Every structure is written in C-alpha cells, then in structure tokens.
>>> print(open('structure.pdb').read())   # PDB, C-alpha atoms, pLDDT in the B column
ATOM      1  CA  MET A  80     100.621 131.932 109.839  1.00 74.00           C
ATOM      2  CA  GLU A  81     104.413 132.069 110.163  1.00 82.00           C
ATOM      3  CA  HIS A  82     104.506 129.031 112.446  1.00 86.00           C
ATOM      4  CA  ARG A  83     102.639 126.950 109.862  1.00 92.00           C
ATOM      5  CA  LEU A  84     104.863 128.182 107.040  1.00 96.00           C
ATOM      6  CA  PHE A  85     108.014 127.428 109.051  1.00 96.00           C
ATOM      7  CA  GLU A  86     107.166 123.718 108.670  1.00 96.00           C
ATOM      8  CA  ILE A  87     106.933 123.812 104.858  1.00 98.00           C
ATOM      9  CA  LYS A  88     109.306 121.471 103.025  1.00 98.00           C
ATOM     10  CA  LEU A  89     107.398 121.250  99.738  1.00 98.00           C
ATOM     11  CA  LEU A  90     105.530 123.820  97.653  1.00 98.00           C
ATOM     12  CA  LEU A  91     103.107 122.409  95.091  1.00 98.00           C
ATOM     13  CA  LEU A  92     101.674 124.585  92.354  1.00 98.00           C
ATOM     14  CA  ASP A  93      98.852 124.494  89.886  1.00 97.00           C
ATOM     15  CA  VAL A  94      99.948 125.779  86.477  1.00 96.00           C
ATOM     16  CA  ASP A  95      97.266 127.579  84.461  1.00 95.00           C
ATOM     17  CA  GLY A  96      96.222 130.641  86.443  1.00 96.00           C
ATOM     18  CA  VAL A  97      99.060 130.312  88.991  1.00 98.00           C
ATOM     19  CA  LEU A  98     102.338 129.945  87.091  1.00 97.00           C
ATOM     20  CA  THR A  99     100.650 131.518  84.062  1.00 96.00           C
ATOM     21  CA  ASP A 100      97.957 134.154  83.690  1.00 95.00           C
ATOM     22  CA  GLY A 101      95.535 131.404  82.696  1.00 92.00           C
ATOM     23  CA  LYS A 102      95.413 132.298  79.023  1.00 92.00           C
ATOM     24  CA  ILE A 103      96.069 129.509  76.555  1.00 88.00           C
ATOM     25  CA  ILE A 104      97.354 130.631  73.177  1.00 90.00           C
ATOM     26  CA  TYR A 105      97.410 128.353  70.141  1.00 91.00           C
ATOM     27  CA  THR A 106      99.433 128.918  67.004  1.00 91.00           C
ATOM     28  CA  ASP A 107      97.886 128.256  63.581  1.00 94.00           C
ATOM     29  CA  SER A 108      99.563 124.843  63.636  1.00 92.00           C
ATOM     30  CA  GLY A 109      97.894 124.000  66.964  1.00 88.00           C
ATOM     31  CA  GLU A 110     100.991 124.429  69.121  1.00 87.00           C
ATOM     32  CA  GLU A 111     100.172 125.672  72.618  1.00 86.00           C
ATOM     33  CA  ILE A 112     102.075 128.678  73.951  1.00 88.00           C
ATOM     34  CA  LYS A 113     102.304 129.689  77.608  1.00 90.00           C
ATOM     35  CA  SER A 114     103.829 132.773  79.177  1.00 92.00           C
ATOM     36  CA  PHE A 115     105.726 132.486  82.467  1.00 95.00           C
ATOM     37  CA  CYS A 116     106.873 135.279  84.787  1.00 96.00           C
ATOM     38  CA  SER A 117     110.656 135.462  85.221  1.00 96.00           C
ATOM     39  CA  LYS A 118     110.263 136.813  88.768  1.00 97.00           C
ATOM     40  CA  ASP A 119     108.217 133.743  89.684  1.00 98.00           C
ATOM     41  CA  GLY A 120     110.984 131.555  88.288  1.00 97.00           C
ATOM     42  CA  PHE A 121     113.659 133.361  90.263  1.00 97.00           C
ATOM     43  CA  GLY A 122     111.584 133.033  93.433  1.00 98.00           C
ATOM     44  CA  LEU A 123     111.251 129.286  92.826  1.00 98.00           C
ATOM     45  CA  ARG A 124     115.034 128.996  92.343  1.00 97.00           C
ATOM     46  CA  LEU A 125     115.588 130.847  95.642  1.00 97.00           C
ATOM     47  CA  LEU A 126     113.174 128.490  97.360  1.00 97.00           C
ATOM     48  CA  MET A 127     114.765 125.357  95.908  1.00 98.00           C
ATOM     49  CA  ASP A 128     118.295 126.624  96.614  1.00 97.00           C
ATOM     50  CA  SER A 129     117.162 127.004 100.235  1.00 97.00           C
ATOM     51  CA  GLY A 130     116.221 123.320 100.410  1.00 97.00           C
ATOM     52  CA  ILE A 131     112.476 123.568  99.810  1.00 98.00           C
ATOM     53  CA  ARG A 132     111.246 121.215  97.115  1.00 98.00           C
ATOM     54  CA  VAL A 133     108.843 122.422  94.421  1.00 98.00           C
ATOM     55  CA  GLY A 134     106.374 120.356  92.425  1.00 98.00           C
ATOM     56  CA  ILE A 135     103.507 120.699  89.996  1.00 97.00           C
ATOM     57  CA  ILE A 136      99.985 119.278  90.162  1.00 97.00           C
ATOM     58  CA  THR A 137      97.957 120.196  87.101  1.00 94.00           C
ATOM     59  CA  GLY A 138      94.798 118.928  85.513  1.00 92.00           C
ATOM     60  CA  ARG A 139      96.105 119.508  82.024  1.00 89.00           C
ATOM     61  CA  VAL A 140      98.606 117.233  80.339  1.00 84.00           C
ATOM     62  CA  ALA A 141     102.055 118.827  80.349  1.00 73.00           C
ATOM     63  CA  ASN A 142     102.957 120.312  77.004  1.00 77.00           C
ATOM     64  CA  GLY A 143     106.285 121.419  75.601  1.00 83.00           C
ATOM     65  CA  ALA A 144     106.076 124.844  77.242  1.00 88.00           C
ATOM     66  CA  LEU A 145     105.490 123.501  80.752  1.00 89.00           C
ATOM     67  CA  SER A 146     108.055 120.723  80.321  1.00 91.00           C
ATOM     68  CA  ALA A 147     110.664 123.224  79.138  1.00 92.00           C
ATOM     69  CA  ARG A 148     109.907 125.618  82.013  1.00 94.00           C
ATOM     70  CA  CYS A 149     110.142 122.858  84.612  1.00 94.00           C
ATOM     71  CA  LYS A 150     113.381 121.567  83.105  1.00 95.00           C
ATOM     72  CA  ASN A 151     114.807 125.106  83.086  1.00 95.00           C
ATOM     73  CA  LEU A 152     113.939 125.572  86.768  1.00 96.00           C
ATOM     74  CA  GLY A 153     114.971 122.070  87.853  1.00 96.00           C
ATOM     75  CA  ILE A 154     111.461 120.968  88.829  1.00 97.00           C
ATOM     76  CA  ASP A 155     111.174 117.220  88.384  1.00 95.00           C
ATOM     77  CA  LEU A 156     108.113 116.522  90.525  1.00 97.00           C
ATOM     78  CA  ILE A 157     105.356 116.879  87.938  1.00 95.00           C
ATOM     79  CA  PHE A 158     101.896 115.352  88.195  1.00 94.00           C
ATOM     80  CA  ASP A 159      99.978 116.258  85.052  1.00 93.00           C
ATOM     81  CA  GLY A 160      96.617 115.203  83.667  1.00 92.00           C
ATOM     82  CA  VAL A 161      95.412 114.892  87.277  1.00 95.00           C
ATOM     83  CA  LYS A 162      91.669 114.694  87.874  1.00 94.00           C
ATOM     84  CA  ASP A 163      91.966 114.087  91.645  1.00 96.00           C
ATOM     85  CA  LYS A 164      94.492 116.558  93.019  1.00 96.00           C
ATOM     86  CA  ALA A 165      93.964 115.449  96.634  1.00 96.00           C
ATOM     87  CA  GLY A 166      94.730 111.896  95.520  1.00 96.00           C
ATOM     88  CA  ALA A 167      97.926 113.134  93.856  1.00 97.00           C
ATOM     89  CA  LEU A 168      98.873 114.820  97.126  1.00 97.00           C
ATOM     90  CA  LYS A 169      98.469 111.509  98.982  1.00 97.00           C
ATOM     91  CA  THR A 170     100.751 109.811  96.461  1.00 96.00           C
ATOM     92  CA  ILE A 171     103.343 112.578  96.862  1.00 97.00           C
ATOM     93  CA  LEU A 172     103.202 112.436 100.664  1.00 97.00           C
ATOM     94  CA  LYS A 173     103.834 108.719 100.607  1.00 96.00           C
ATOM     95  CA  SER A 174     106.593 108.771  97.979  1.00 95.00           C
ATOM     96  CA  LEU A 175     108.509 111.713  99.484  1.00 95.00           C
ATOM     97  CA  GLU A 176     107.832 110.744 103.100  1.00 95.00           C
ATOM     98  CA  VAL A 177     106.573 114.189 104.061  1.00 97.00           C
ATOM     99  CA  GLU A 178     103.616 115.053 106.258  1.00 97.00           C
ATOM    100  CA  LYS A 179     100.722 117.090 104.920  1.00 96.00           C
ATOM    101  CA  ASN A 180     101.485 119.908 107.378  1.00 97.00           C
ATOM    102  CA  GLU A 181     104.873 120.233 105.580  1.00 98.00           C
ATOM    103  CA  VAL A 182     103.218 120.927 102.215  1.00 98.00           C
ATOM    104  CA  ALA A 183     101.878 124.193 100.804  1.00 98.00           C
ATOM    105  CA  PHE A 184      99.774 124.411  97.653  1.00 98.00           C
ATOM    106  CA  ALA A 185      98.926 127.381  95.442  1.00 98.00           C
ATOM    107  CA  GLY A 186      95.780 127.314  93.344  1.00 98.00           C
ATOM    108  CA  ASP A 187      93.294 129.470  91.536  1.00 98.00           C
ATOM    109  CA  ASP A 188      90.192 127.508  90.568  1.00 97.00           C
ATOM    110  CA  LEU A 189      87.672 124.895  91.679  1.00 97.00           C
ATOM    111  CA  PRO A 190      89.770 121.780  90.845  1.00 97.00           C
ATOM    112  CA  ASP A 191      92.351 123.033  93.375  1.00 98.00           C
ATOM    113  CA  ILE A 192      89.999 123.080  96.362  1.00 98.00           C
ATOM    114  CA  SER A 193      90.387 119.397  97.264  1.00 97.00           C
ATOM    115  CA  VAL A 194      94.174 119.604  97.577  1.00 97.00           C
ATOM    116  CA  MET A 195      94.017 122.995  99.297  1.00 98.00           C
ATOM    117  CA  ARG A 196      91.876 121.447 102.025  1.00 97.00           C
ATOM    118  CA  GLU A 197      94.329 118.577 102.528  1.00 97.00           C
ATOM    119  CA  CYS A 198      97.698 120.351 102.679  1.00 96.00           C
ATOM    120  CA  GLY A 199      99.314 122.200 105.559  1.00 97.00           C
ATOM    121  CA  PHE A 200      98.966 125.669 104.046  1.00 98.00           C
ATOM    122  CA  SER A 201      97.046 126.902 101.024  1.00 98.00           C
ATOM    123  CA  PHE A 202      97.595 129.959  98.859  1.00 98.00           C
ATOM    124  CA  ALA A 203      95.156 131.529  96.414  1.00 98.00           C
ATOM    125  CA  VAL A 204      96.389 133.952  93.787  1.00 98.00           C
ATOM    126  CA  ALA A 205      94.741 137.381  93.725  1.00 98.00           C
ATOM    127  CA  ASN A 206      92.603 136.584  90.687  1.00 98.00           C
ATOM    128  CA  ALA A 207      91.481 133.160  91.914  1.00 98.00           C
ATOM    129  CA  SER A 208      87.828 132.203  91.958  1.00 98.00           C
ATOM    130  CA  PRO A 209      85.940 133.481  95.033  1.00 98.00           C
ATOM    131  CA  GLU A 210      85.473 129.916  96.311  1.00 98.00           C
ATOM    132  CA  VAL A 211      89.226 129.313  96.282  1.00 98.00           C
ATOM    133  CA  ILE A 212      89.960 132.633  97.975  1.00 98.00           C
ATOM    134  CA  GLN A 213      87.408 131.788 100.657  1.00 98.00           C
ATOM    135  CA  ILE A 214      89.179 128.585 101.726  1.00 98.00           C
ATOM    136  CA  ALA A 215      92.791 129.742 101.247  1.00 98.00           C
ATOM    137  CA  ASN A 216      94.992 130.451 104.250  1.00 98.00           C
ATOM    138  CA  TYR A 217      96.501 133.380 102.329  1.00 98.00           C
ATOM    139  CA  THR A 218      95.596 135.269  99.174  1.00 98.00           C
ATOM    140  CA  THR A 219      98.426 136.924  97.274  1.00 98.00           C
ATOM    141  CA  LYS A 220      98.420 140.571  96.288  1.00 98.00           C
ATOM    142  CA  ASN A 221      99.730 139.621  92.839  1.00 98.00           C
ATOM    143  CA  ARG A 222      97.806 137.856  90.105  1.00 98.00           C
ATOM    144  CA  GLY A 223      98.634 134.422  88.759  1.00 98.00           C
ATOM    145  CA  GLY A 224     101.378 134.595  86.132  1.00 97.00           C
ATOM    146  CA  ASP A 225     102.325 138.069  87.330  1.00 97.00           C
ATOM    147  CA  GLY A 226     104.419 137.673  90.478  1.00 98.00           C
ATOM    148  CA  ALA A 227     102.069 135.671  92.707  1.00 98.00           C
ATOM    149  CA  VAL A 228     104.458 132.714  92.913  1.00 98.00           C
ATOM    150  CA  ARG A 229     107.400 135.021  93.706  1.00 98.00           C
ATOM    151  CA  GLU A 230     105.301 136.528  96.499  1.00 98.00           C
ATOM    152  CA  ILE A 231     104.543 133.036  97.844  1.00 98.00           C
ATOM    153  CA  CYS A 232     108.225 132.061  97.738  1.00 98.00           C
ATOM    154  CA  GLU A 233     109.253 135.174  99.650  1.00 98.00           C
ATOM    155  CA  ILE A 234     106.535 134.632 102.270  1.00 98.00           C
ATOM    156  CA  ILE A 235     107.760 131.076 102.893  1.00 98.00           C
ATOM    157  CA  LEU A 236     111.429 132.094 102.976  1.00 98.00           C
ATOM    158  CA  LYS A 237     110.698 134.931 105.418  1.00 97.00           C
ATOM    159  CA  ALA A 238     108.629 132.656 107.682  1.00 97.00           C
ATOM    160  CA  LYS A 239     111.513 130.169 107.764  1.00 97.00           C
ATOM    161  CA  GLY A 240     113.990 132.943 108.646  1.00 96.00           C
ATOM    162  CA  LEU A 241     115.923 132.496 105.383  1.00 96.00           C
ATOM    163  CA  TRP A 242     115.178 135.775 103.611  1.00 95.00           C
ATOM    164  CA  GLU A 243     117.819 137.915 105.361  1.00 95.00           C
ATOM    165  CA  GLY A 244     120.544 135.435 104.383  1.00 94.00           C
ATOM    166  CA  ILE A 245     119.389 135.565 100.772  1.00 94.00           C
ATOM    167  CA  LEU A 246     119.423 139.374 100.792  1.00 93.00           C
ATOM    168  CA  HIS A 247     122.881 139.360 102.380  1.00 91.00           C
ATOM    169  CA  HIS A 248     124.143 137.214  99.491  1.00 87.00           C
ATOM    170  CA  TRP A 249     122.957 139.779  96.942  1.00 84.00           C
ATOM    171  CA  TYR A 250     124.182 142.815  98.891  1.00 86.00           C
TER     172      TYR A 250
END
>>> encode(input="structure.pdb", output="structure tokens")
Amino acid sequence: MEHRLFEIKLLLLDVDGVLTDGKIIYTDSGEEIKSFCSKDGFGLRLLMDSGIRVGIITGRVANGALSARCKNLGIDLIFDGVKDKAGALKTILKSLEVEKNEVAFAGDDLPDISVMRECGFSFAVANASPEVIQIANYTTKNRGGDGAVREICEIILKAKGLWEGILHHWY
C-alpha cells in the first residue's frame, strides 16, 4: 500500500458523504447548508502545503457552501454536476498531465465506483456503501464528514515520508 501511495500527486474527493456527513439541510428559504469537519480541512492544507494537489469531483452542482469551503482551503480544481466521474478523471489526467497511478480518490457511494476503479488508489470512508468498501484499496476508520479525509491525508503524508517533518514543525 505505501508504495502505491508514495506515487500520489493528486487527491480527488467526492463531497456529500466524504467531506460532509452526507446530510443535506435546507433552510425555510431553500438555502442549502453543509457541515464540514475542521480537522479534514487542516489535513487538506497539510497535504497541499506538502505539494500534493487536491480536487473535487461531485455529482451535485456546487452550491455556496461548497464554493466557500473550497475557496477557504485553496481548492480550485472543482468538477461539479458530474454524471460520469471516470470521464472527469480522464479530463483531469489530460489537463494536469498526471498519470492515473498518481491519483487517489475518496468516495462513499455507487456513483464513485467508476472513478475508484480507474485511479491509482481508492479510499472508502467508514460509512460508505458495502459495494464501495468492497472495491476500495483502503477503508478509513472514521466516517465521512467526521475525520475520514484527515485520516486519508495523514496516510498519504506518512507513505510519502513527509509526516515526521510536519510533526517537527509543530513541535
């Protein structure tokens, strides 16, 4: 596993159920509200500060909450409203000139399976559907929206030998 993760240059994430707990809350005025885990965000910042790019592939159209979160984190690679996630991966590979073995993807539900089969390493969050867990290279201990992405970031950073340097910075 570590050898495959050492090659990772890009982490792609689904949103609902991975970056969030999967719940969608609407206000009385119809505004959509999402809840994001601050530890996940910090993990993504550590990953990006270490030179690993992060992007989003989601089937839903990005709303204000997702746009604000991505802007806050510095994520500018956003593919939203995607029906064919494997097709989006092909577009990303071509535009960023990365190989599929250099890409990891984290998902939680059936629409994620196609891209999980095409990337170099696939993660399922702990509360993913059984079909997604079955094909994932690794299943997190944490649930989507509750530290799973932080766990993924740390796993990648450790596999690349970068974690000790990060810890040294904070000690």
>>> residues_around(input="structure.pdb", residues="Glu197 (chain A)", least_positions_apart="6", cutoff="10 Å", atoms="only C-alpha atoms", output="list in words")
Lys164, Ala165, Gly166, Leu168, Lys169, Lys179, Asn180, Val182, Ala183 and Phe184 of chain A
>>> residues_around(input="structure.pdb", residues="Trp242 (chain A)", least_positions_apart="3", cutoff="10 Å", atoms="all atoms listed in the file", output="ChimeraX atom specification")
/A:125-126,129,232-239,245-248
>>> resolve_selection(input="structure.pdb", expression="the PyMOL selection byres ((chain A and resi 88-99) around 8)", output="JSON, numbers by chain")
{"A": [86, 87, 100, 101, 102, 113, 114, 115, 116, 119, 130, 131, 132, 133, 134, 135, 136, 137, 177, 181, 182, 183, 184, 185, 186, 187, 188, 191, 204, 207, 222, 223, 224, 225, 227, 228]}
>>> residues_around(input="structure.pdb", residues="Asn221 (chain A)", least_positions_apart="5", cutoff="10 Å", atoms="all atoms listed in the file", output="PDB file with C-alpha atoms, in the frame of the given file")
ATOM      1  CA  ALA A 203      95.156 131.529  96.414  1.00 98.00           C
ATOM      2  CA  VAL A 204      96.389 133.952  93.787  1.00 98.00           C
ATOM      3  CA  ALA A 205      94.741 137.381  93.725  1.00 98.00           C
ATOM      4  CA  ASN A 206      92.603 136.584  90.687  1.00 98.00           C
ATOM      5  CA  GLY A 226     104.419 137.673  90.478  1.00 98.00           C
ATOM      6  CA  ALA A 227     102.069 135.671  92.707  1.00 98.00           C
ATOM      7  CA  VAL A 228     104.458 132.714  92.913  1.00 98.00           C
ATOM      8  CA  ARG A 229     107.400 135.021  93.706  1.00 98.00           C
ATOM      9  CA  GLU A 230     105.301 136.528  96.499  1.00 98.00           C
ATOM     10  CA  ILE A 231     104.543 133.036  97.844  1.00 98.00           C
TER      11      ILE A 231
END
>>> atom_distance(input="structure.pdb", atom1="CA of Ile104 (chain A)", atom2="CA of Ala144 (chain A)")
11.2 Å
>>> resolve_selection(input="structure.pdb", expression="the PyMOL selection byres ((chain A and resi 140) around 10)", output="PDB file with C-alpha atoms, keeping the file's coordinate frame")
ATOM      1  CA  THR A 137      97.957 120.196  87.101  1.00 94.00           C
ATOM      2  CA  GLY A 138      94.798 118.928  85.513  1.00 92.00           C
ATOM      3  CA  ARG A 139      96.105 119.508  82.024  1.00 89.00           C
ATOM      4  CA  ALA A 141     102.055 118.827  80.349  1.00 73.00           C
ATOM      5  CA  ASN A 142     102.957 120.312  77.004  1.00 77.00           C
ATOM      6  CA  GLY A 143     106.285 121.419  75.601  1.00 83.00           C
ATOM      7  CA  LEU A 145     105.490 123.501  80.752  1.00 89.00           C
ATOM      8  CA  PHE A 158     101.896 115.352  88.195  1.00 94.00           C
ATOM      9  CA  ASP A 159      99.978 116.258  85.052  1.00 93.00           C
ATOM     10  CA  GLY A 160      96.617 115.203  83.667  1.00 92.00           C
ATOM     11  CA  VAL A 161      95.412 114.892  87.277  1.00 95.00           C
TER      12      VAL A 161
END
>>> closest_residue(input="structure.pdb", among="A:Gly153, A:Gly199, A:Gly122, A:Gly109", to="Met80 (chain A)", atoms="only C-alpha atoms")
A:Gly199
>>> atom_distance(input="structure.pdb", atom1="CA of Phe202 (chain A)", atom2="CA of Asp163 (chain A)")
18.3 Å
>>> closest_residue(input="structure.pdb", among="A:Leu241, A:Leu172, A:Ile103, A:Leu152", to="Leu123 (chain A)", atoms="all atoms listed in the file")
A:Leu152
>>> atom_distance(input="structure.pdb", atom1="CA of Ile214 (chain A)", atom2="CA of Ile171 (chain A)")
21.9 Å
>>> decode(input="structure.pdb", residues="region 120-167 of chain A", atoms="C-alpha atoms", output="mmCIF file, in the first residue's frame")
data_model
loop_
_atom_site.group_PDB
_atom_site.id
_atom_site.type_symbol
_atom_site.label_atom_id
_atom_site.label_comp_id
_atom_site.auth_asym_id
_atom_site.auth_seq_id
_atom_site.Cartn_x
_atom_site.Cartn_y
_atom_site.Cartn_z
ATOM 1 C CA GLY A 120 -9.703 20.928 6.312
ATOM 2 C CA PHE A 121 -6.461 21.104 8.254
ATOM 3 C CA GLY A 122 -5.391 17.743 6.833
ATOM 4 C CA LEU A 123 -6.080 19.014 3.309
ATOM 5 C CA ARG A 124 -3.997 22.148 3.999
ATOM 6 C CA LEU A 125 -1.120 19.952 5.233
ATOM 7 C CA LEU A 126 -1.383 17.857 2.090
ATOM 8 C CA MET A 127 -1.466 20.860 -0.240
ATOM 9 C CA ASP A 128 1.362 22.603 1.639
ATOM 10 C CA SER A 129 3.388 19.432 1.020
ATOM 11 C CA GLY A 130 2.901 19.761 -2.741
ATOM 12 C CA ILE A 131 0.019 17.336 -3.246
ATOM 13 C CA ARG A 132 -2.838 18.820 -5.235
ATOM 14 C CA VAL A 133 -6.443 18.369 -4.102
ATOM 15 C CA GLY A 134 -9.569 18.435 -6.241
ATOM 16 C CA ILE A 135 -13.276 17.746 -6.090
ATOM 17 C CA ILE A 136 -15.435 15.519 -8.287
ATOM 18 C CA THR A 137 -19.078 15.654 -7.269
ATOM 19 C CA GLY A 138 -22.337 14.725 -8.888
ATOM 20 C CA ARG A 139 -24.147 17.650 -7.341
ATOM 21 C CA VAL A 140 -23.816 21.196 -8.598
ATOM 22 C CA ALA A 141 -21.570 23.210 -6.288
ATOM 23 C CA ASN A 142 -23.529 25.476 -4.000
ATOM 24 C CA GLY A 143 -22.439 28.420 -1.901
ATOM 25 C CA ALA A 144 -21.315 26.215 0.986
ATOM 26 C CA LEU A 145 -19.025 24.034 -1.126
ATOM 27 C CA SER A 146 -17.699 27.007 -3.096
ATOM 28 C CA ALA A 147 -16.902 28.871 0.122
ATOM 29 C CA ARG A 148 -15.197 25.821 1.656
ATOM 30 C CA CYS A 149 -13.072 25.227 -1.436
ATOM 31 C CA LYS A 150 -12.125 28.902 -1.621
ATOM 32 C CA ASN A 151 -11.206 28.873 2.082
ATOM 33 C CA LEU A 152 -8.963 25.831 1.593
ATOM 34 C CA GLY A 153 -7.477 26.976 -1.721
ATOM 35 C CA ILE A 154 -9.011 24.161 -3.773
ATOM 36 C CA ASP A 155 -9.546 25.366 -7.321
ATOM 37 C CA LEU A 156 -9.899 22.035 -9.115
ATOM 38 C CA ILE A 157 -13.656 21.520 -8.894
ATOM 39 C CA PHE A 158 -15.705 19.313 -11.196
ATOM 40 C CA ASP A 159 -19.340 19.583 -10.149
ATOM 41 C CA GLY A 160 -22.575 18.317 -11.651
ATOM 42 C CA VAL A 161 -20.607 15.311 -12.943
ATOM 43 C CA LYS A 162 -22.577 12.285 -14.111
ATOM 44 C CA ASP A 163 -19.514 10.359 -15.371
ATOM 45 C CA LYS A 164 -16.825 10.595 -12.709
ATOM 46 C CA ALA A 165 -14.416 8.320 -14.606
ATOM 47 C CA GLY A 166 -14.778 10.643 -17.594
ATOM 48 C CA ALA A 167 -13.972 13.614 -15.348
#
